[in-house]
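So the structure is just underneath, and the comments pick up after that.
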Amino acid sequence: MYNYAPIIWHYCSRSGRKKQGRNTHTPTLWLAFALSGMVLLLGTVILYALVPLRSPGSPHPGKSSLTAEPSVLVAKHPMVPSSSQTPMPTPTVGQPSNLHGGMLNRLGWTASASSPNDLPSNALDGDPSTRWSTGRAQSSGDWFLVDMGAIRSFSSITLDAGSSIGDYLRSYEVFVSTDGSIWGTPVANGNGSGQVVTISFANQSARFIKVVLTANAGKWWSIQEFTVSNASGVLNRSGWIASASSSNQVPSNAIDGDPVSRWSTQQAQTAGNWFLVDMGSIQHFSGITLDNGHSYANDYPQGYQVFVSVDGSNWGNAIASGNGGQSLVTISFATQSARFIKVMLTANASNWWSIAEFNVYS
């Protein structure tokens, strides 16, 4: 800013010299200083008006923005949330996992009933405060139906009446269907005796489940939660048949649930040896285990391939291959829909090939 003080001083000095005989030096000097101060003040005001003041929370102009307070960094970088900004996950109810067993995931399932007094879907929503109910006394022929959206493998259902004391089904039959039209004979029947009724049966592969009452009762029929399970993820082997290229010991020993019995080649392993299981109907599965038992620790397949078939004639390419390395050989693969499973050796070995238990997993 230009300093006008010398000009003012010069002007005042000349004025004082024109008036002889009067002492004007002191007043003139004070006037000069006053005018100079006013000019400096006016300039300062103009300067601050043109340049914005730094906000209290912003960093010093001469320093890096990294010296700012953490709250300022969060505001400038929203990808780094503060505790107040961290998004909370949205809870999902009624969607239990189906990873190798347990309750099936109910996402996308629908429900219907002979008496839709309450929404049938309440029995699938995972909310303990909602329920489906007949709204009247139980009557033989009343039914509750669940559409799982696709064919699933399962071996039990649970009907929980929740806080509706006494509203459990008294007598029932359970039917399953792949198309919702053909139901066949019941897969289970019985009598309920408490708030939570669990009904187990041989493993089924179906899309629809229908529970039908077979007796009248004075209480309503209420379902707070309807769940479907596949115990431990292991398919039920009831009715399965096993065969093998070498039947020196009974192949069915491998699917009898008895860890003492076994099937074995009773000779050295030879490429081309096979073991086959017929599950009786098309199942959905993603893994098998071959347990040769602790008594035959080295009798595992040295090299193998796994094939599946829907008819026992057309096998296609192997869905898995590998080398066994211990008594329990676990073989996982993409989910298959088939009735027959065949394991074939791909290498020779001096040890026998033994299977104490052959299991299939959903």
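Residue numbering restarts at 1 for every chain of the structure tokens, chains are lettered A, B, ... in their displayed order, and ligands are numbered from 1 as they appear.
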Open item on the list: If we count only C-alpha atoms and set the cut-off at 6 Å, which residues sit around Asn236 in chain A, ignoring sequence neighbours fewer than 2 positions away in its own chain? Please answer as a PyMOL selection string.
Closed with: chain A and resi 202-203+238
TODO: Quick one: everything within 9 Å of Phe201 in chain A, counting only C-alpha atoms, minus sequence neighbours fewer than 5 positions away in the same chain. Send it as a PyMOL selection string.
DONE: chain A and resi 154-157+187-188+236
For N, CA and C atoms, I'd like the residues from the last selection saved as an mmCIF file, in the first residue's frame.
data_model
loop_
_atom_site.group_PDB
_atom_site.id
_atom_site.type_symbol
_atom_site.label_atom_id
_atom_site.label_comp_id
_atom_site.auth_asym_id
_atom_site.auth_seq_id
_atom_site.Cartn_x
_atom_site.Cartn_y
_atom_site.Cartn_z
ATOM 1 N N PHE A 154 -34.072 -82.681 1.881
ATOM 2 C CA PHE A 154 -34.352 -82.405 3.290
ATOM 3 C C PHE A 154 -34.836 -83.676 3.972
ATOM 4 N N SER A 155 -34.772 -83.693 5.293
ATOM 5 C CA SER A 155 -35.154 -84.887 6.046
ATOM 6 C C SER A 155 -35.957 -84.581 7.296
ATOM 7 N N SER A 156 -36.342 -83.331 7.497
ATOM 8 C CA SER A 156 -37.191 -83.015 8.643
ATOM 9 C C SER A 156 -37.794 -81.624 8.495
ATOM 10 N N ILE A 157 -38.914 -81.423 9.203
ATOM 11 C CA ILE A 157 -39.535 -80.099 9.287
ATOM 12 C C ILE A 157 -39.860 -79.813 10.749
ATOM 13 N N VAL A 187 -45.096 -89.010 3.617
ATOM 14 C CA VAL A 187 -43.735 -89.412 3.995
ATOM 15 C C VAL A 187 -43.612 -89.538 5.511
ATOM 16 N N ALA A 188 -44.601 -89.025 6.236
ATOM 17 C CA ALA A 188 -44.594 -89.119 7.696
ATOM 18 C C ALA A 188 -46.002 -88.870 8.215
ATOM 19 N N ASN A 236 -29.934 -88.914 3.616
ATOM 20 C CA ASN A 236 -30.439 -90.139 4.219
ATOM 21 C C ASN A 236 -30.241 -91.301 3.236
#
Task: strand (DSSP E) call set, DSSP backbone run, range 101-191 of chain A, as a VMD selection string - done: chain A and resid 102 to 103 110 to 113 132 to 133 143 to 160 172 to 177 188 to 190
Task: Straight-line distance linking CA of Arg262 in chain A with CA of Asp278 in chain A, stated in Å to one decimal - done: 17.5 Å
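Put simply, CA of Phe208 in chain A is 5.0 Å away from CA of Ser177 in chain A.
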Task: Close residues, range 311-327 of chain A itself excluded, 10 Å, only C-alpha atoms, min 6 positions apart in chain, as a ChimeraX atom specification - done: /A:276-278,281-282,287,290-305,333-336,338-347,354-356
Residues from last step as file, C-alpha atoms, as a PDB file, in the first residue's frame:
ATOM      1  CA  LEU A 276     -21.216 -97.431  -7.418  1.00  0.00           C
ATOM      2  CA  VAL A 277     -24.143 -96.139  -5.373  1.00  0.00           C
ATOM      3  CA  ASP A 278     -27.758 -95.979  -6.541  1.00  0.00           C
ATOM      4  CA  SER A 281     -34.047 -91.150  -6.965  1.00  0.00           C
ATOM      5  CA  ILE A 282     -32.448 -87.959  -8.211  1.00  0.00           C
ATOM      6  CA  GLY A 287     -19.680 -83.731  -1.987  1.00  0.00           C
ATOM      7  CA  LEU A 290     -15.053 -92.307   1.582  1.00  0.00           C
ATOM      8  CA  ASP A 291     -14.021 -93.477   5.046  1.00  0.00           C
ATOM      9  CA  ASN A 292     -12.001 -96.675   5.045  1.00  0.00           C
ATOM     10  CA  GLY A 293     -12.073 -96.945   8.841  1.00  0.00           C
ATOM     11  CA  HIS A 294      -9.197 -96.769  11.276  1.00  0.00           C
ATOM     12  CA  SER A 295      -8.489-100.481  11.016  1.00  0.00           C
ATOM     13  CA  TYR A 296      -7.568-100.120   7.354  1.00  0.00           C
ATOM     14  CA  ALA A 297      -5.609 -96.867   7.463  1.00  0.00           C
ATOM     15  CA  ASN A 298      -3.888 -97.210   4.079  1.00  0.00           C
ATOM     16  CA  ASP A 299      -6.799 -98.634   2.112  1.00  0.00           C
ATOM     17  CA  TYR A 300      -7.800 -95.290   0.604  1.00  0.00           C
ATOM     18  CA  PRO A 301      -7.954 -94.745  -3.206  1.00  0.00           C
ATOM     19  CA  GLN A 302      -4.543 -93.700  -4.490  1.00  0.00           C
ATOM     20  CA  GLY A 303      -5.996 -92.063  -7.630  1.00  0.00           C
ATOM     21  CA  TYR A 304      -9.665 -91.614  -8.518  1.00  0.00           C
ATOM     22  CA  GLN A 305     -12.330 -90.032 -10.700  1.00  0.00           C
ATOM     23  CA  PHE A 333     -17.525 -80.524  -6.471  1.00  0.00           C
ATOM     24  CA  ALA A 334     -20.149 -78.250  -8.028  1.00  0.00           C
ATOM     25  CA  THR A 335     -23.704 -79.184  -7.012  1.00  0.00           C
ATOM     26  CA  GLN A 336     -24.993 -82.155  -8.994  1.00  0.00           C
ATOM     27  CA  ALA A 338     -28.218 -87.244 -10.208  1.00  0.00           C
ATOM     28  CA  ARG A 339     -29.276 -90.665  -8.970  1.00  0.00           C
ATOM     29  CA  PHE A 340     -26.065 -92.667  -9.430  1.00  0.00           C
ATOM     30  CA  ILE A 341     -22.532 -91.962  -8.189  1.00  0.00           C
ATOM     31  CA  LYS A 342     -19.524 -93.980  -9.348  1.00  0.00           C
ATOM     32  CA  VAL A 343     -15.969 -93.708  -8.026  1.00  0.00           C
ATOM     33  CA  MET A 344     -13.323 -95.250 -10.294  1.00  0.00           C
ATOM     34  CA  LEU A 345      -9.638 -95.868  -9.571  1.00  0.00           C
ATOM     35  CA  THR A 346      -7.122 -94.307 -11.946  1.00  0.00           C
ATOM     36  CA  ALA A 347      -3.923 -95.823 -10.543  1.00  0.00           C
ATOM     37  CA  SER A 354     -11.730-100.425   1.465  1.00  0.00           C
ATOM     38  CA  ILE A 355     -14.795 -98.332   2.321  1.00  0.00           C
ATOM     39  CA  ALA A 356     -16.327 -98.566   5.782  1.00  0.00           C
TER      40      ALA A 356
END
TODO: Using CA of Asn230 in chain A and CA of Ala150 in chain A as the two end points, give the distance in Å to one decimal.
DONE: 15.2 Å
Open item on the list: Quick one: residues within 9 Å of range 137-145 of chain A, only C-alpha atoms, excluding same-chain residues fewer than 2 positions away - as an MDAnalysis selection string?
Closed with: chainID A and resid 110:115 120 134:135 147 167 169:172 208:221
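Closest approach to Ser264 in chain A among A:Asn351, A:Ser205, A:Asn105, A:Ser362 is made by A:Asn351 (distances from only C-alpha atoms).
Closest approach to Ala254 in chain A among A:Thr178, A:Val360, A:Pro116, A:Asp127: A:Val360, based on only C-alpha atoms.
Proximity ranking of A:Leu107, A:Val146, A:Leu119, A:Ala206 relative to Trp183 in chain A places A:Ala206 first, based on only C-alpha atoms.
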Open item on the list: Measuring between only C-alpha atoms, which one of A:Asn122, A:Leu35, A:Ala244, A:Phe358 shows the shortest distance to Asp258 in chain A?
Closed with: A:Phe358
Task: Test item: residues at most 8 Å from Gln266 in chain A, only C-alpha atoms, excluding those fewer than 4 positions along its chain, as a PyMOL selection string - done: chain A and resi 248-249+352-353
Same residues, N, CA and C atoms, output as a PDB file, in the first residue's frame:
ATOM      1  N   ASN A 248     -15.935-109.030  -3.367  1.00  0.00           N
ATOM      2  CA  ASN A 248     -15.443-110.009  -2.406  1.00  0.00           C
ATOM      3  C   ASN A 248     -16.070-109.802  -1.035  1.00  0.00           C
ATOM      4  N   GLN A 249     -16.396-108.552  -0.717  1.00  0.00           N
ATOM      5  CA  GLN A 249     -17.179-108.250   0.465  1.00  0.00           C
ATOM      6  C   GLN A 249     -18.408-107.467   0.017  1.00  0.00           C
ATOM      7  N   TRP A 352      -5.108-102.662  -0.598  1.00  0.00           N
ATOM      8  CA  TRP A 352      -6.482-102.890  -0.983  1.00  0.00           C
ATOM      9  C   TRP A 352      -7.227-101.551  -1.013  1.00  0.00           C
ATOM     10  N   TRP A 353      -8.423-101.568  -1.547  1.00  0.00           N
ATOM     11  CA  TRP A 353      -9.320-100.397  -1.481  1.00  0.00           C
ATOM     12  C   TRP A 353     -10.509-100.804  -0.609  1.00  0.00           C
TER      13      TRP A 353
END
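Of the listed residues A:Ile255, A:Gly233, A:Ile288, A:Ser246, the one whose atoms come nearest to Asn273 in chain A is A:Ser246, with distances taken using only C-alpha atoms.
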Task: Residue with smallest distance to Glu225 in chain A - pool A:Trp240, A:Trp263, A:Phe307, A:Trp132, counting only C-alpha atoms - done: A:Trp132
